[in-house]
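Enquirer: This is coords_7.cif (mmCIF, C-alpha atoms).
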```
data_my_file
loop_
_atom_site.label_atom_id
_atom_site.label_comp_id
_atom_site.auth_asym_id
_atom_site.auth_seq_id
_atom_site.Cartn_x
_atom_site.Cartn_y
_atom_site.Cartn_z
CA MET Y 1 -3.13 -27.81 13.36
CA HIS Y 2 0.13 -26.75 11.76
CA THR Y 3 -0.11 -24.93 8.44
CA GLY Y 4 3.61 -24.81 7.70
CA ARG Y 5 3.87 -21.06 8.17
CA LYS Y 6 6.98 -19.55 9.67
CA ASP Y 7 7.20 -18.16 13.22
CA TRP Y 8 6.84 -14.57 11.99
CA ALA Y 9 3.43 -15.28 10.45
CA MET Y 10 0.29 -14.33 12.34
CA THR Y 11 -0.25 -16.66 15.25
CA GLU Y 12 -3.32 -18.83 15.59
CA GLN Y 13 -3.63 -17.97 19.28
CA PRO Y 14 -6.66 -16.09 20.54
CA ARG Y 15 -6.15 -12.34 20.34
CA ARG Y 16 -7.83 -9.44 22.00
CA PRO Y 17 -7.85 -5.70 21.31
CA VAL Y 18 -5.85 -3.65 23.81
CA ALA Y 19 -6.30 -0.15 22.36
CA THR Y 20 -8.17 1.67 19.61
CA TYR Y 21 -6.88 4.67 17.61
CA GLU Y 22 -8.44 7.03 15.11
CA THR Y 23 -5.38 7.15 12.82
CA TYR Y 24 -2.89 4.57 11.62
CA GLN Y 25 -0.01 6.78 12.76
CA GLU Y 26 -1.28 6.64 16.35
CA ALA Y 27 -1.60 2.85 16.23
CA GLU Y 28 1.87 2.61 14.70
CA ARG Y 29 3.26 4.81 17.47
CA ALA Y 30 1.66 2.53 20.08
CA VAL Y 31 3.30 -0.56 18.57
CA ASP Y 32 6.60 1.32 18.38
CA HIS Y 33 6.20 2.19 22.08
CA LEU Y 34 5.62 -1.49 22.87
CA SER Y 35 8.76 -2.36 20.89
CA ASP Y 36 10.79 0.25 22.78
CA GLN Y 37 9.66 -1.33 26.05
CA GLY Y 38 10.91 -4.77 24.96
CA PHE Y 39 7.43 -6.20 24.33
CA PRO Y 40 7.34 -9.16 21.87
CA VAL Y 41 5.89 -7.20 18.93
CA GLU Y 42 5.61 -10.31 16.78
CA ARG Y 43 2.51 -11.01 18.88
CA VAL Y 44 0.85 -7.70 17.89
CA ALA Y 45 -1.30 -6.73 14.90
CA ILE Y 46 -2.90 -3.48 13.75
CA ILE Y 47 -6.36 -4.09 12.31
CA GLY Y 48 -8.32 -1.44 10.42
CA GLN Y 49 -12.03 -1.61 11.26
CA ASP Y 50 -15.12 -0.43 9.36
CA VAL Y 51 -13.26 -0.07 6.06
CA ARG Y 52 -14.89 1.99 3.33
CA LEU Y 53 -13.93 2.62 -0.27
CA VAL Y 54 -13.34 6.27 -1.12
CA GLU Y 55 -13.03 7.29 -4.76
CA GLN Y 56 -11.72 10.84 -5.16
CA VAL Y 57 -12.51 12.34 -8.57
CA VAL Y 58 -9.44 14.22 -9.82
CA GLY Y 59 -10.65 15.57 -13.15
CA ARG Y 60 -12.51 15.16 -16.40
CA MET Y 61 -11.49 12.53 -18.90
CA ASP Y 62 -11.51 13.22 -22.64
CA TYR Y 63 -9.62 11.83 -25.63
CA GLY Y 64 -6.61 14.09 -25.03
CA ARG Y 65 -6.25 13.13 -21.38
CA ALA Y 66 -6.84 9.45 -22.17
CA ALA Y 67 -4.00 9.58 -24.71
CA LEU Y 68 -1.75 11.43 -22.25
CA HIS Y 69 -2.41 8.93 -19.44
CA GLY Y 70 -1.80 6.04 -21.82
CA ALA Y 71 1.43 7.60 -23.10
CA ALA Y 72 2.67 8.11 -19.54
CA SER Y 73 1.80 4.49 -18.69
CA GLY Y 74 3.62 3.13 -21.75
CA ALA Y 75 6.73 5.32 -21.69
CA LEU Y 76 8.40 3.90 -18.58
CA PRO Y 77 8.02 0.21 -19.44
CA GLY Y 78 9.18 0.97 -22.99
CA ALA Y 79 12.28 2.77 -21.72
CA LEU Y 80 13.13 -0.03 -19.28
CA ILE Y 81 12.75 -2.76 -21.88
CA GLY Y 82 14.80 -0.74 -24.38
CA TRP Y 83 17.52 -0.14 -21.78
CA LEU Y 84 17.72 -3.86 -20.99
CA PHE Y 85 18.01 -4.78 -24.67
CA GLY Y 86 20.61 -2.06 -25.16
CA LEU Y 87 22.81 -3.58 -22.44
CA LEU Y 88 23.19 -6.70 -24.57
CA ASP Y 89 25.43 -4.83 -27.04
CA TRP Y 90 28.97 -6.08 -26.39
CA VAL Y 91 30.81 -3.28 -28.20
CA ASP Y 92 29.39 -0.20 -26.48
CA PRO Y 93 26.69 -1.20 -23.96
CA ILE Y 94 26.29 2.23 -22.30
CA VAL Y 95 25.61 4.20 -25.48
CA SER Y 96 23.47 1.41 -26.91
CA ALA Y 97 21.48 1.10 -23.70
CA LEU Y 98 20.71 4.82 -23.59
CA LEU Y 99 19.84 5.01 -27.29
CA VAL Y 100 17.60 1.93 -27.27
CA ALA Y 101 16.02 3.16 -24.01
CA LEU Y 102 15.14 6.42 -25.75
CA TYR Y 103 13.63 4.50 -28.68
CA GLY Y 104 11.75 2.30 -26.19
CA LEU Y 105 10.43 5.36 -24.37
CA ILE Y 106 9.10 6.85 -27.61
CA PHE Y 107 7.65 3.55 -28.83
CA GLY Y 108 6.09 2.82 -25.41
CA ALA Y 109 4.53 6.29 -25.27
CA ILE Y 110 3.01 5.88 -28.74
CA VAL Y 111 1.64 2.41 -28.04
CA GLY Y 112 0.38 3.52 -24.61
CA ALA Y 113 -1.37 6.55 -26.10
CA LEU Y 114 -3.07 4.35 -28.69
CA PHE Y 115 -4.23 1.90 -26.03
CA GLY Y 116 -5.43 4.78 -23.84
CA LEU Y 117 -7.48 6.16 -26.72
CA LEU Y 118 -8.86 2.74 -27.59
CA LEU Y 119 -9.90 1.93 -24.02
CA TYR Y 120 -11.52 5.34 -23.58
CA ALA Y 121 -13.43 4.97 -26.85
CA LEU Y 122 -14.64 1.48 -25.85
CA GLN Y 123 -16.17 2.88 -22.65
CA GLY Y 124 -18.60 4.88 -24.74
CA GLY Y 125 -18.82 7.89 -22.43
CA ARG Y 126 -19.78 5.85 -19.36
CA ARG Y 127 -16.84 7.07 -17.30
CA ASP Y 128 -15.79 10.57 -18.34
CA PHE Y 129 -13.71 11.27 -15.24
CA ALA Y 130 -10.42 10.22 -13.68
CA SER Y 131 -10.27 9.16 -10.05
CA VAL Y 132 -8.07 7.68 -7.34
CA ARG Y 133 -9.45 4.94 -5.08
CA SER Y 134 -8.40 4.26 -1.51
CA MET Y 135 -9.54 2.16 1.42
CA GLN Y 136 -10.07 4.09 4.65
CA PRO Y 137 -10.78 2.42 7.99
CA SER Y 138 -12.69 4.45 10.57
CA ARG Y 139 -10.48 3.19 13.40
CA TYR Y 140 -7.45 1.00 14.09
CA ASP Y 141 -7.41 -1.67 16.78
CA VAL Y 142 -4.13 -2.86 18.26
CA VAL Y 143 -4.66 -6.53 19.02
CA VAL Y 144 -2.32 -8.75 21.01
CA ASP Y 145 -2.10 -12.47 21.77
CA ASP Y 146 -4.33 -13.13 24.78
CA ALA Y 147 -1.43 -14.53 26.84
CA VAL Y 148 0.43 -11.17 26.83
CA ALA Y 149 -2.49 -8.75 26.51
CA ASP Y 150 -2.43 -7.59 30.15
CA GLU Y 151 1.25 -6.60 29.82
CA ALA Y 152 0.48 -4.67 26.62
CA VAL Y 153 -2.36 -2.79 28.32
CA ARG Y 154 -0.02 -1.87 31.19
CA LEU Y 155 2.71 -0.64 28.82
CA LEU Y 156 0.29 1.32 26.66
CA GLY Y 157 -1.22 2.99 29.74
CA GLY Y 158 1.82 5.25 30.07
CA LEU Y 159 1.70 6.15 26.38
CA GLN Y 160 -1.98 7.09 26.48
CA THR Y 161 -1.42 9.58 29.30
CA ALA Y 162 1.20 11.22 27.08
CA GLY Y 163 -1.61 12.36 24.79
CA VAL Y 164 -1.42 9.88 21.92
CA GLY Y 165 -5.18 9.71 21.67
CA GLY Y 166 -5.66 5.99 22.05
CA ARG Y 167 -8.38 4.55 24.20
CA PRO Y 168 -8.54 1.13 25.80
CA ALA Y 169 -10.46 -1.31 23.68
CA HIS Y 170 -13.69 -2.73 25.01
CA THR Y 171 -13.08 -6.40 25.77
#
```
Just give me the structure as structure tokens.

Expert:
Amino acid sequence: MHTGRKDWAMTEQPRRPVATYETYQEAERAVDHLSDQGFPVERVAIIGQDVRLVEQVVGRMDYGRAALHGAASGALPGALIGWLFGLLDWVDPIVSALLVALYGLIFGAIVGALFGLLLYALQGGRRDFASVRSMQPSRYDVVVDDAVADEAVRLLGGLQTAGVGGRPAHT
């Protein structure tokens, strides 16, 4: 079955894990090692396993902080839109662009602060904290097309003895 994807897309061939790492950096280093050895890395994938959502609370949220976050979110788009409109001035595009960008920054910050306040008020005290969410896998498997998996295991064997921390995957 051909799906019309390009050669660089993930292959539909059977794959098998050749090594497992605790960190993404270790898995990345293993793939880099395979690349350095001339291995066809387009046949390799790094797959995060046992993914969990971690939400780190970074502080309290109140009306002042909601307005500040909203202003910060609105200022940059306002400045960019103002700058683009300012470039359309044929007489003096540089000065116009900077001046309209400044107006856009101020207008965007005001509108953003108002939206931030409105959204915070609509939540009715249900979420009085700010947080950052991230996905964190517990391990990273390096998987390879089955046809070249034995070669990958052989090449990664030398890297593992160098203390990278990978372990052969259970197949």

Enquirer: Which residues match the PyMOL selection byres ((chain Y and resi 143) around 8) in the file above, as a list in words?

Expert: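 Taken on the displayed file, the PyMOL selection byres ((chain Y and resi 143) around 8) yields the residues Arg15, Arg16, Pro17, Val18, Ala19, Val44, Ala45, Ile46, Ile47, Asp141, Val142, Val144 and Asp145 of chain Y.
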
Enquirer: Extract, using all atoms listed in the file, all DNA, RNA and protein residues at most 9 Å from Val148 in chain Y, discarding same-chain residues fewer than 4 positions from it, and format them as a list in words.

Expert: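 Answer for this query is Phe39, Pro40, Arg43, Val144, Ala152 and Val153 of chain Y.
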
Enquirer: Compare Y:Ala71, Y:Arg133, Y:Tyr120, Y:Leu156 by their minimum atom-to-atom distance to Asp36 in chain Y, counting all atoms listed in the file, and give me the closest one.

Expert: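 Looking only at the distances to Asp36 in chain Y, the closest residue turns out to be Y:Leu156.
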
Enquirer: Identify all residues satisfying the PyMOL selection byres ((chain Y and resi 85) around 12) in the given file; provide them as a compact mmCIF listing (two decimals) with C-alpha atoms, keeping the file's coordinate frame.

Expert:
```
# COMPACT_ATOMS: atom_id res chain seq x y z
CA GLY Y 78 9.18 0.97 -22.99
CA ALA Y 79 12.28 2.77 -21.72
CA LEU Y 80 13.13 -0.03 -19.28
CA ILE Y 81 12.75 -2.76 -21.88
CA GLY Y 82 14.80 -0.74 -24.38
CA TRP Y 83 17.52 -0.14 -21.78
CA LEU Y 84 17.72 -3.86 -20.99
CA GLY Y 86 20.61 -2.06 -25.16
CA LEU Y 87 22.81 -3.58 -22.44
CA LEU Y 88 23.19 -6.70 -24.57
CA ASP Y 89 25.43 -4.83 -27.04
CA TRP Y 90 28.97 -6.08 -26.39
CA PRO Y 93 26.69 -1.20 -23.96
CA ILE Y 94 26.29 2.23 -22.30
CA VAL Y 95 25.61 4.20 -25.48
CA SER Y 96 23.47 1.41 -26.91
CA ALA Y 97 21.48 1.10 -23.70
CA LEU Y 98 20.71 4.82 -23.59
CA LEU Y 99 19.84 5.01 -27.29
CA VAL Y 100 17.60 1.93 -27.27
CA ALA Y 101 16.02 3.16 -24.01
CA LEU Y 102 15.14 6.42 -25.75
CA TYR Y 103 13.63 4.50 -28.68
CA GLY Y 104 11.75 2.30 -26.19
```

Enquirer: Starting from the displayed file, determine the output of the PyMOL selection byres ((chain Y and resi 65) around 12) and express the residue list as a list in words.

Expert: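 Selected by the PyMOL selection byres ((chain Y and resi 65) around 12) in this file: Gly59, Arg60, Met61, Asp62, Tyr63, Gly64, Ala66, Ala67, Leu68, His69, Gly70, Ala71, Ala72, Ala113, Leu114, Gly116, Leu117, Tyr120, Asp128, Phe129 and Ala130 of chain Y.
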
Enquirer: When distances are computed from all atoms listed in the file, which of Y:Ala147, Y:Val41, Y:Ala27, Y:Val51 shows the smallest separation from Ser134 in chain Y?

Expert: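 For Ser134 in chain Y, the nearest of the candidates is Y:Val51.
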
Enquirer: If I take CA of Gln56 in chain Y and CA of Gly125 in chain Y, how far is one from the other in Å, to one decimal?

Expert: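 CA of Gln56 in chain Y sits 18.9 Å away from CA of Gly125 in chain Y.
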
Enquirer: Enter the distance from CA of Ser131 in chain Y to CA of Glu55 in chain Y, in Å, rounded to one decimal.

Expert: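 So the answer is 6.3 Å.
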
Enquirer: Put a box with edges along x, y and z around all the listed atoms of range 100-114 of chain Y, pad it by 4 Å on each side, then give me its centre and sizes in Å, one decimal, as JSON.

Expert:
```
{"center_x": 7.3, "center_y": 4.4, "center_z": -26.4, "size_x": 28.7, "size_y": 12.9, "size_z": 12.8}
```

Enquirer: Grab the CA of Gln25 in chain Y to CA of Val132 in chain Y distance for me, in Å with one decimal place.

Expert: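 Interatomic distance, CA of Gln25 in chain Y to CA of Val132 in chain Y: 21.7 Å.
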
Enquirer: Using all atoms listed in the file, find the one residue out of Y:Val91, Y:Leu34, Y:Glu26, Y:Gln13 that sits nearest to Gly158 in chain Y.

Expert: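 Of Y:Val91, Y:Leu34, Y:Glu26, Y:Gln13, the one nearest Gly158 in chain Y, counting all atoms listed in the file, is Y:Leu34.
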
Enquirer: Pick from Y:Tyr140, Y:Asp150, Y:Leu76, Y:Val111: nearest to Ala30 in chain Y, with all atoms listed in the file counted?

Expert: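 Counting all atoms listed in the file, the residue closest to Ala30 in chain Y is Y:Tyr140.
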
Enquirer: Find, counting all atoms listed in the file, the residue in Y:Gly124, Y:Gly157, Y:Gly112, Y:Pro137 that gets nearest to Glu22 in chain Y.

Expert: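 Result for the nearest residue to Glu22 in chain Y: Y:Pro137.
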